[in-house]
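K.L.:
Below: one structure in structure tokens.
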Amino acid sequence: MSDLPESRRAAVRRGSRARVVLWIVLALVLLLIFAVAWVGARGLLAKRHLEQSVALVSTLRSQITDGDTSAAQRTAKQLEDNASSARSLTGDPIWTVAQFTPFFGSNLRAVREVAVVVDDVATGAVRPVAGVIGDLDQDAFTPTDGRIDLQPLVDAQPSVARATKTLAMASDEADDIDTSATLSPVTSAVDQLRNALGTVTQQATTANKVVQLAPAMLGHDGDRDYVLLFQNNAELRAGGGIPGAVALLRVKDGAISLSNQAAGSSFGPYDEPVLPLSAATTSLYGDITGRYMQDVNLTPRFDVTGALAREMWKQKFGQQVDGVLAIDPVTLGYILRATGPVQLPTGDTLTSDNAAKLLLSDVYAKYPDPAVQDAFFASAASAVFEKVSSGGFDTKAFIAALTDGTKDGRLRLWSADEAEQKQITGTAVAGDLPTASAQTREFAVYLNDGTGSKMDYYLDKKVSVGSSVCRKDGRPTSVVEVTLKNTAPADAATSLPRYVTGGGDFGTEPGKIKTLVAVYAPKNGIYLGASQDGKGAALQTVKDGEHPVAQIQTLLAPGESTTFRVAFLGEAKFAKAGVQAESTPGVRQTKVEPLQFDCAEPVPVG
């Protein structure tokens, strides 16, 4: 090469460098192709494992619901294996580097984060719960010799607490996944994960509270006494129905007994409220809320109801109880699905099909004496309770009955222990006022009987709610619509018992139904206006704490109906949240319907 001319040698050197560059480029191209193929292949495998994880979650939920704990434990192990594989497949160095490439990087990063979240849930939530699920099957809650074994619940407390914490963290991590530049399938997968985690986290939080609270409240750490209110939906109160019968529920290390039953009418009237009432409570419901046991739940705030009932029990019997529970005849009917029919001392047979009608309507025609009616209610509650405490029921159906009663707002619980009550607050049994969050804005419709009788057996109710952003400042307008109808027979004044119609004793003509309707909005809402049957409404507006309230009185003859509409302004930060409403549970459960309205005229006035 030394004999070659300098120009030739330079050309050779340039050719050598070009070949080196070519080989380097070729190697980089091959490496890129390999990396793309590697990431693609592992991505497909990870996708399959993640899809399998989703399917296994659904299977696991069904198995737990069905009480198949051994199958659930096997499924939990499969879920953990799939989640771990998905995390491993998206965690190698090539995938990590690829996350920083233009366009595809954001998608790979999101898939990786999904895999990490799913794996964290599998190891930090599913694994610990699966470890104790065998001890928490449905049969574990069946009383033996009148006693529930509380130790499995105590043993499960650390695992359930860990799972709840993991789910809450996973939910936050899922919310933080950046999908601003991801492809539609990836965005959809992240949204599904967020929705699933949001739902499961709420359920886990509730389950954790139950596991943490139940042993102590069922007497594991010492005997407990509770006042039990039997609420009669035929005479409505905001919190359910008039407390027609009251009893003492005694609990000792899982053994439950019912004693010392009394008529609600036997408490009071007291000269003054037994405890101080807020100005809003007095304004909306009167000081009778604190002077009669039958009126303690005129307020929808069950923490107020509980404290008042506890104090009245103390003044009558000299006993300081640990809390207050409330239940109604409709829930007893649900429970009878699990226990089967029960025989009453009167000879009547109480079944899931006839419980509401017999306890809320037929009893008044069959037993005209109010004292006999009170005894009938007490015997019915005792008969059902005795069958439950003896273990004579189908556990799965019993849990379903309590779930349905809670979902309907028919079961309420208040603890005199501040720490326990803090745990209860926010759950479905707490009887809290409506709240607002980024996910949901809640409203509530509370009904109080003004007839002084049992005519609410014939009161039908329909509730609708809707929302729209009608203002430039982004604050949402929400409208709640309530329709009430008196379904009593046309001749109710004469065909129904005097005890049912009231006989005009409290200023309402026999056969008519007088009702106080209070519509509550979340905190910081602003009342905008209201109408009744398309015309201006005469109503009371006040704030119960920070909750705006609009209350109206209706009077309906048999066959008559009326529609009340009220509009509220909400906070802009919650404008995208869904809206829902709860209402006082009556004899028949009603479903809240969506409502469409014109922003220009949300509450039309004729």
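In the structure tokens, each chain is lettered A, B, ... as it comes, each chain's residues begin at 1, and ligands are numbered from 1 in order of appearance.
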As a compact mmCIF listing (two decimals) with C-alpha atoms, in the first residue's frame, please: every residue in region 59-115 of chain A that a backbone DSSP assignment puts in helix (DSSP H, G or I).
P.N.:
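What ended up in part_32.txt:
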```
# COMPACT_ATOMS: atom_id res chain seq x y z
CA THR A 59 -63.42 -14.80 38.71
CA LEU A 60 -62.01 -14.12 42.16
CA ARG A 61 -64.84 -11.73 43.01
CA SER A 62 -67.45 -14.31 42.01
CA GLN A 63 -65.74 -17.07 44.00
CA ILE A 64 -65.57 -14.93 47.12
CA THR A 65 -69.24 -13.95 46.72
CA ASP A 66 -70.19 -17.62 46.32
CA THR A 69 -62.72 -19.98 49.44
CA SER A 70 -60.46 -22.81 48.26
CA ALA A 71 -61.05 -21.89 44.61
CA ALA A 72 -60.58 -18.22 45.47
CA GLN A 73 -57.16 -18.95 46.98
CA ARG A 74 -56.07 -20.81 43.82
CA THR A 75 -57.31 -17.95 41.65
CA ALA A 76 -55.46 -15.43 43.82
CA LYS A 77 -52.20 -17.35 43.22
CA GLN A 78 -52.81 -17.35 39.44
CA LEU A 79 -53.50 -13.63 39.54
CA GLU A 80 -50.28 -13.00 41.42
CA ASP A 81 -48.27 -15.07 38.90
CA ASN A 82 -49.74 -13.25 35.89
CA ALA A 83 -49.25 -9.81 37.44
CA SER A 84 -45.64 -10.64 38.33
CA SER A 85 -44.96 -11.83 34.77
CA ALA A 86 -46.41 -8.65 33.28
CA ARG A 87 -44.21 -6.54 35.55
CA SER A 88 -41.11 -8.57 34.70
CA LEU A 89 -41.76 -8.40 30.95
CA PRO A 93 -33.27 -2.62 30.26
CA ILE A 94 -34.40 -2.55 26.62
CA TRP A 95 -38.00 -1.67 27.61
CA THR A 96 -36.67 0.92 30.04
CA VAL A 97 -34.63 2.67 27.32
CA ALA A 98 -37.49 2.39 24.80
CA PHE A 104 -43.95 5.08 21.37
CA GLY A 105 -42.21 5.93 24.63
CA SER A 106 -45.27 7.40 26.32
CA ASN A 107 -47.29 4.26 25.49
CA LEU A 108 -44.58 1.91 26.76
CA ARG A 109 -44.22 3.96 29.91
CA ALA A 110 -47.98 3.81 30.57
CA VAL A 111 -48.09 0.04 30.00
CA ARG A 112 -45.15 -0.39 32.38
CA GLU A 113 -46.91 1.68 35.05
CA VAL A 114 -50.12 -0.33 34.62
CA ALA A 115 -48.14 -3.56 35.09
```
K.L.:
Find the residues near region 515-530 of chain A: any atom within 7 Å, counting only C-alpha atoms, skip ones fewer than 6 places away on the same chain, and give them as a PyMOL selection string.
P.N.:
chain A and resi 434-436+442-450+536-537+546-555+565-571+603
K.L.:
So that I have them on file, write out the residues from the current selection with C-alpha atoms, as a PDB file, in the first residue's frame.
P.N.:
```pdb
ATOM      1  CA  PRO A 434     -74.851  14.409  51.315  1.00  0.00           C
ATOM      2  CA  THR A 435     -71.283  15.157  50.220  1.00  0.00           C
ATOM      3  CA  ALA A 436     -69.488  16.330  47.070  1.00  0.00           C
ATOM      4  CA  GLU A 442     -74.854  13.798  46.337  1.00  0.00           C
ATOM      5  CA  PHE A 443     -78.264  15.221  47.147  1.00  0.00           C
ATOM      6  CA  ALA A 444     -80.873  13.942  49.566  1.00  0.00           C
ATOM      7  CA  VAL A 445     -84.654  13.992  49.901  1.00  0.00           C
ATOM      8  CA  TYR A 446     -85.955  13.490  53.436  1.00  0.00           C
ATOM      9  CA  LEU A 447     -89.634  12.957  54.249  1.00  0.00           C
ATOM     10  CA  ASN A 448     -91.357  13.529  57.575  1.00  0.00           C
ATOM     11  CA  ASP A 449     -94.990  12.602  58.236  1.00  0.00           C
ATOM     12  CA  GLY A 450     -97.223  15.493  59.229  1.00  0.00           C
ATOM     13  CA  GLY A 536     -94.051  29.287  42.671  1.00  0.00           C
ATOM     14  CA  ALA A 537     -93.566  27.252  45.836  1.00  0.00           C
ATOM     15  CA  GLU A 546     -73.121  24.127  55.729  1.00  0.00           C
ATOM     16  CA  HIS A 547     -75.844  22.277  53.799  1.00  0.00           C
ATOM     17  CA  PRO A 548     -78.503  24.394  52.051  1.00  0.00           C
ATOM     18  CA  VAL A 549     -81.997  22.985  52.628  1.00  0.00           C
ATOM     19  CA  ALA A 550     -85.319  23.672  50.925  1.00  0.00           C
ATOM     20  CA  GLN A 551     -88.368  22.312  52.787  1.00  0.00           C
ATOM     21  CA  ILE A 552     -91.982  22.296  51.639  1.00  0.00           C
ATOM     22  CA  GLN A 553     -95.222  20.915  53.084  1.00  0.00           C
ATOM     23  CA  THR A 554     -97.603  18.920  50.888  1.00  0.00           C
ATOM     24  CA  LEU A 555    -101.175  17.771  51.493  1.00  0.00           C
ATOM     25  CA  ARG A 565     -88.521  20.956  41.990  1.00  0.00           C
ATOM     26  CA  VAL A 566     -85.559  22.659  43.622  1.00  0.00           C
ATOM     27  CA  ALA A 567     -82.343  23.953  42.037  1.00  0.00           C
ATOM     28  CA  PHE A 568     -78.935  24.425  43.642  1.00  0.00           C
ATOM     29  CA  LEU A 569     -75.649  25.884  42.457  1.00  0.00           C
ATOM     30  CA  GLY A 570     -72.537  23.792  43.066  1.00  0.00           C
ATOM     31  CA  GLU A 571     -68.783  24.351  43.139  1.00  0.00           C
ATOM     32  CA  VAL A 603     -87.291  25.594  38.013  1.00  0.00           C
TER      33      VAL A 603
END
```
K.L.:
I'd like the neighbourhood of Gln596 (chain A) as a PyMOL selection string, where a residue qualifies if any of its atoms comes within 9 Å (using only C-alpha atoms), though same-chain residues fewer than 6 positions away should be ignored.
P.N.:
chain A and resi 465-468+479
K.L.:
Residues at most 9 Å from Arg42 (chain A), counting only C-alpha atoms, excluding those fewer than 3 positions away in the same chain, as a list in words?
P.N.:
Ala37, Trp38, Val39, Leu45, Ala46, Lys47, Ala86, Leu89, Thr90 and Trp95 of chain A
K.L.:
So which one's closest to Tyr334 (chain A), A:Ala401, A:Ile177, A:Ala280, A:Leu358? Using only C-alpha atoms, please.
P.N.:
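Closest candidate: A:Ala401.
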K.L.:
Rounded to one decimal place, report the CA of Ala130 (chain A)-CA of Ser53 (chain A) distance in Å.
P.N.:
15.4 Å
K.L.:
Based on the backbone DSSP call, show me all residues of region 462-501 of chain A assigned strand (DSSP E), as a PyMOL selection string.
P.N.:
chain A and resi 462-469+476-486
K.L.:
Please, what distance in Å, to one decimal, runs between CA of Gln319 (chain A) and CA of Leu277 (chain A)?
P.N.:
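Computing the Euclidean distance for CA of Gln319 (chain A) and CA of Leu277 (chain A) yields 22.0 Å.
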